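Coordinates as given in structure_6.csv (CSV, C-alpha atoms):
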```csv
chain,number,residue,atom,x,y,z
A,1,MET,CA,106.5,68.6,122.2
A,2,THR,CA,107.0,69.2,118.5
A,3,THR,CA,104.8,72.1,117.6
A,4,LYS,CA,105.1,73.7,114.2
A,5,LEU,CA,103.2,76.1,111.9
A,6,ASN,CA,100.0,74.8,110.4
A,7,SER,CA,100.5,76.2,106.9
A,8,ARG,CA,96.9,75.3,105.9
A,9,ALA,CA,95.5,77.3,108.8
A,10,PHE,CA,97.8,80.2,108.0
A,11,ASP,CA,96.6,80.3,104.4
A,12,PHE,CA,93.0,80.0,105.5
A,13,ALA,CA,93.5,82.9,108.0
A,14,LYS,CA,94.9,85.1,105.2
A,15,GLU,CA,91.9,84.3,103.0
A,16,LEU,CA,89.6,85.2,105.9
A,17,VAL,CA,91.2,88.6,106.2
A,18,LYS,CA,91.2,89.2,102.5
A,19,GLY,CA,87.5,88.3,102.5
A,20,GLY,CA,86.6,90.7,105.3
A,21,LYS,CA,85.8,87.9,107.7
A,22,TYR,CA,87.6,89.4,110.7
A,23,VAL,CA,86.9,91.2,114.0
A,24,ILE,CA,89.1,94.1,115.0
A,25,ASP,CA,89.0,93.9,118.8
A,26,ASP,CA,91.1,94.9,121.7
A,27,LYS,CA,94.2,92.8,122.4
A,28,ASP,CA,92.9,91.7,125.8
A,29,ALA,CA,89.5,90.5,124.6
A,30,TRP,CA,90.5,86.9,123.6
A,31,SER,CA,89.4,85.4,126.9
A,32,GLU,CA,85.9,86.6,126.2
A,33,HIS,CA,85.9,85.9,122.4
A,34,ARG,CA,87.7,82.5,122.4
A,35,PRO,CA,85.3,79.6,121.7
A,36,SER,CA,84.3,77.6,124.8
A,37,ALA,CA,85.0,73.9,125.0
A,38,ALA,CA,81.3,73.3,124.2
A,39,GLN,CA,81.5,75.5,121.1
A,40,GLU,CA,84.7,73.6,120.0
A,41,ASN,CA,82.9,70.3,120.5
A,42,ALA,CA,79.8,71.4,118.6
A,43,TYR,CA,82.0,72.6,115.7
A,44,LEU,CA,83.9,69.3,115.7
A,45,ASP,CA,80.7,67.3,115.7
A,46,GLU,CA,79.4,69.2,112.7
A,47,HIS,CA,82.6,69.7,110.7
A,48,GLY,CA,85.3,67.2,111.8
A,49,PHE,CA,89.0,67.6,112.7
A,50,SER,CA,90.1,68.7,109.2
A,51,ALA,CA,87.9,71.9,109.3
A,52,TYR,CA,88.6,72.4,113.1
A,53,GLY,CA,92.4,72.4,112.4
A,54,LYS,CA,92.1,75.3,110.0
A,55,TRP,CA,91.4,77.5,113.1
A,56,TYR,CA,94.7,76.8,114.8
A,57,LEU,CA,98.1,78.2,113.7
A,58,GLY,CA,100.1,75.4,115.3
A,59,VAL,CA,100.1,71.6,115.2
A,60,ASP,CA,101.7,69.2,117.7
A,61,ASP,CA,103.1,66.2,115.8
A,62,GLU,CA,103.3,64.2,119.0
A,63,ALA,CA,99.6,64.3,119.5
A,64,PRO,CA,97.2,62.3,117.2
A,65,ALA,CA,95.7,64.4,114.4
A,66,ASP,CA,92.2,63.4,115.5
A,67,THR,CA,92.5,65.0,119.0
A,68,LYS,CA,92.1,68.6,120.2
A,69,ALA,CA,95.6,68.2,121.7
A,70,HIS,CA,97.1,68.2,118.2
A,71,TYR,CA,96.0,71.8,117.5
A,72,LYS,CA,97.6,74.8,119.2
A,73,PHE,CA,97.3,78.6,118.9
A,74,PRO,CA,93.7,79.3,118.0
A,75,TYR,CA,93.0,82.6,116.3
A,76,GLY,CA,89.2,82.7,115.6
A,77,ASP,CA,85.7,81.8,116.6
A,78,PHE,CA,85.0,79.3,113.8
A,79,THR,CA,83.4,82.1,111.7
A,80,LYS,CA,85.8,85.0,111.8
A,81,ILE,CA,89.5,85.7,112.6
A,82,HIS,CA,89.9,87.8,115.7
A,83,ARG,CA,92.7,90.4,116.1
A,84,CYS,CA,92.9,89.5,119.8
A,85,GLY,CA,93.3,85.8,119.0
A,86,VAL,CA,96.1,86.6,116.6
A,87,ILE,CA,97.9,88.8,119.1
A,88,SER,CA,97.5,86.0,121.8
A,89,ALA,CA,98.9,83.5,119.4
A,90,GLU,CA,101.8,85.8,118.5
A,91,THR,CA,102.7,86.5,122.1
A,92,ARG,CA,102.4,82.9,123.3
A,93,ALA,CA,104.5,81.6,120.3
A,94,ALA,CA,107.2,84.2,121.1
A,95,GLN,CA,107.3,83.1,124.7
A,96,GLN,CA,107.5,79.5,123.8
A,97,LYS,CA,110.1,80.1,121.0
A,98,TYR,CA,108.0,78.9,118.1
A,99,ASP,CA,109.5,81.3,115.6
A,100,ASP,CA,107.5,80.1,112.6
A,101,ILE,CA,104.2,80.5,114.4
A,102,GLU,CA,105.2,83.9,115.9
A,103,SER,CA,106.1,85.1,112.4
A,104,ALA,CA,102.9,83.9,110.8
A,105,ALA,CA,100.8,85.5,113.6
A,106,GLY,CA,102.8,88.7,113.2
A,107,HIS,CA,102.0,88.7,109.5
A,108,LEU,CA,98.3,88.2,110.2
A,109,HIS,CA,98.4,90.9,112.9
A,110,GLY,CA,99.9,93.3,110.3
A,111,MET,CA,97.2,92.4,107.8
A,112,LEU,CA,94.4,93.0,110.3
A,113,ASP,CA,95.9,96.4,111.4
A,114,GLY,CA,96.2,97.4,107.8
A,115,ALA,CA,92.6,96.4,107.2
A,116,ALA,CA,91.4,98.5,110.1
```
Take the structure I supplied and represent it as structure tokens, if you would.
Amino acid sequence: MTTKLNSRAFDFAKELVKGGKYVIDDKDAWSEHRPSAAQENAYLDEHGFSAYGKWYLGVDDEAPADTKAHYKFPYGDFTKIHRCGVISAETRAAQQKYDDIESAAGHLHGMLDGAA
């Protein structure tokens, strides 16, 4: 699997934080705050894969761009960035040795903690 940083999503996430569109939640809240498959599908139906991809810090080049499998490391709920989602992405990227994604998530984590 060739997963790398989705720079467009990283830039979008930074703009969300700067615009105050974030949720400062507990690090373990992501399982409750993460969008469900039904919410993902509804967002895709309304906005398409280009908009959908901005909510994922990683992309898998081996999966077609018009599939959910192409997008990895979600960080928000399609309206706001969530601190718990960023921490989850940072932790998982570190475990899987995706240094660029881990670094980007760490940067977002710092931005969110600074905003709090």
* With a distance cut-off of 10 Å and all atoms listed in the file, select the neighbouring residues of Pro74 in chain A, excluding the residue or stretch itself and same-chain residues fewer than 5 positions from it, and output the selection as a list in words. =>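 With the cut-off at 10 Å, the set is Ala9, Trp30, Arg34, Pro35, Tyr52, Gly53, Lys54, Trp55, Tyr56, Leu57, Gly58, Ile81, His82, Gly85, Val86, Ser88 and Ala89 of chain A.
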Any chance you could export the current selection's C-alpha atoms as a PDB file, in the coordinates of the input?
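Listed below is the output, part-v8.pdb:
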```
ATOM      1  CA  ALA A   9      95.500  77.300 108.800  1.00  0.00           C
ATOM      2  CA  TRP A  30      90.500  86.900 123.600  1.00  0.00           C
ATOM      3  CA  ARG A  34      87.700  82.500 122.400  1.00  0.00           C
ATOM      4  CA  PRO A  35      85.300  79.600 121.700  1.00  0.00           C
ATOM      5  CA  TYR A  52      88.600  72.400 113.100  1.00  0.00           C
ATOM      6  CA  GLY A  53      92.400  72.400 112.400  1.00  0.00           C
ATOM      7  CA  LYS A  54      92.100  75.300 110.000  1.00  0.00           C
ATOM      8  CA  TRP A  55      91.400  77.500 113.100  1.00  0.00           C
ATOM      9  CA  TYR A  56      94.700  76.800 114.800  1.00  0.00           C
ATOM     10  CA  LEU A  57      98.100  78.200 113.700  1.00  0.00           C
ATOM     11  CA  GLY A  58     100.100  75.400 115.300  1.00  0.00           C
ATOM     12  CA  ILE A  81      89.500  85.700 112.600  1.00  0.00           C
ATOM     13  CA  HIS A  82      89.900  87.800 115.700  1.00  0.00           C
ATOM     14  CA  GLY A  85      93.300  85.800 119.000  1.00  0.00           C
ATOM     15  CA  VAL A  86      96.100  86.600 116.600  1.00  0.00           C
ATOM     16  CA  SER A  88      97.500  86.000 121.800  1.00  0.00           C
ATOM     17  CA  ALA A  89      98.900  83.500 119.400  1.00  0.00           C
TER      18      ALA A  89
END
```
* Using only C-alpha atoms: which of A:Lys18, A:His33, A:Lys72, A:His47 has the shortest distance to Ile101 in chain A ->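 Using only C-alpha atoms, Ile101 in chain A sits closest to A:Lys72.
The gap separating CA of Val59 in chain A from CA of Thr3 in chain A is 5.3 Å, in Å to one decimal.
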* Could you work out how far CA of Gln95 in chain A lies from CA of Phe78 in chain A, giving the answer in Å with one decimal? ->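 Taking CA of Phe78 in chain A and CA of Gln95 in chain A, their separation equals 25.1 Å.
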* Taking only C-alpha atoms into account, which of A:Thr79, A:Ser50, A:Ile87, A:Gly106 comes nearest Gly20 in chain A? -> A:Thr79
Env of Asp99 in chain A: 9 Å cut, atoms = all atoms listed in the file, seq-sep filter 6 positions within chain, self excluded. Answer as a CSV table (one decimal) with C-alpha atoms, keeping the file's coordinate frame.
```csv
chain,number,residue,atom,x,y,z
A,4,LYS,CA,105.1,73.7,114.2
A,5,LEU,CA,103.2,76.1,111.9
A,93,ALA,CA,104.5,81.6,120.3
```
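Each of A:Ala13, A:Leu44, A:Cys84, A:Ala63 was checked against Asp25 in chain A using all atoms listed in the file; the smallest atom-to-atom distance is that of A:Cys84.
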* **Separation of CA of Ser36 in chain A from CA of Asp66 in chain A, in Å and rounded to one decimal** =>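 Taking CA of Ser36 in chain A as the start and CA of Asp66 in chain A as the end point, the length is 18.7 Å.
Those residues that approach Lys80 in chain A to within 8 Å, counting all atoms listed in the file, are Leu16, Lys21, Tyr22 and Val23 of chain A; same-chain residues fewer than 6 positions away are not listed.
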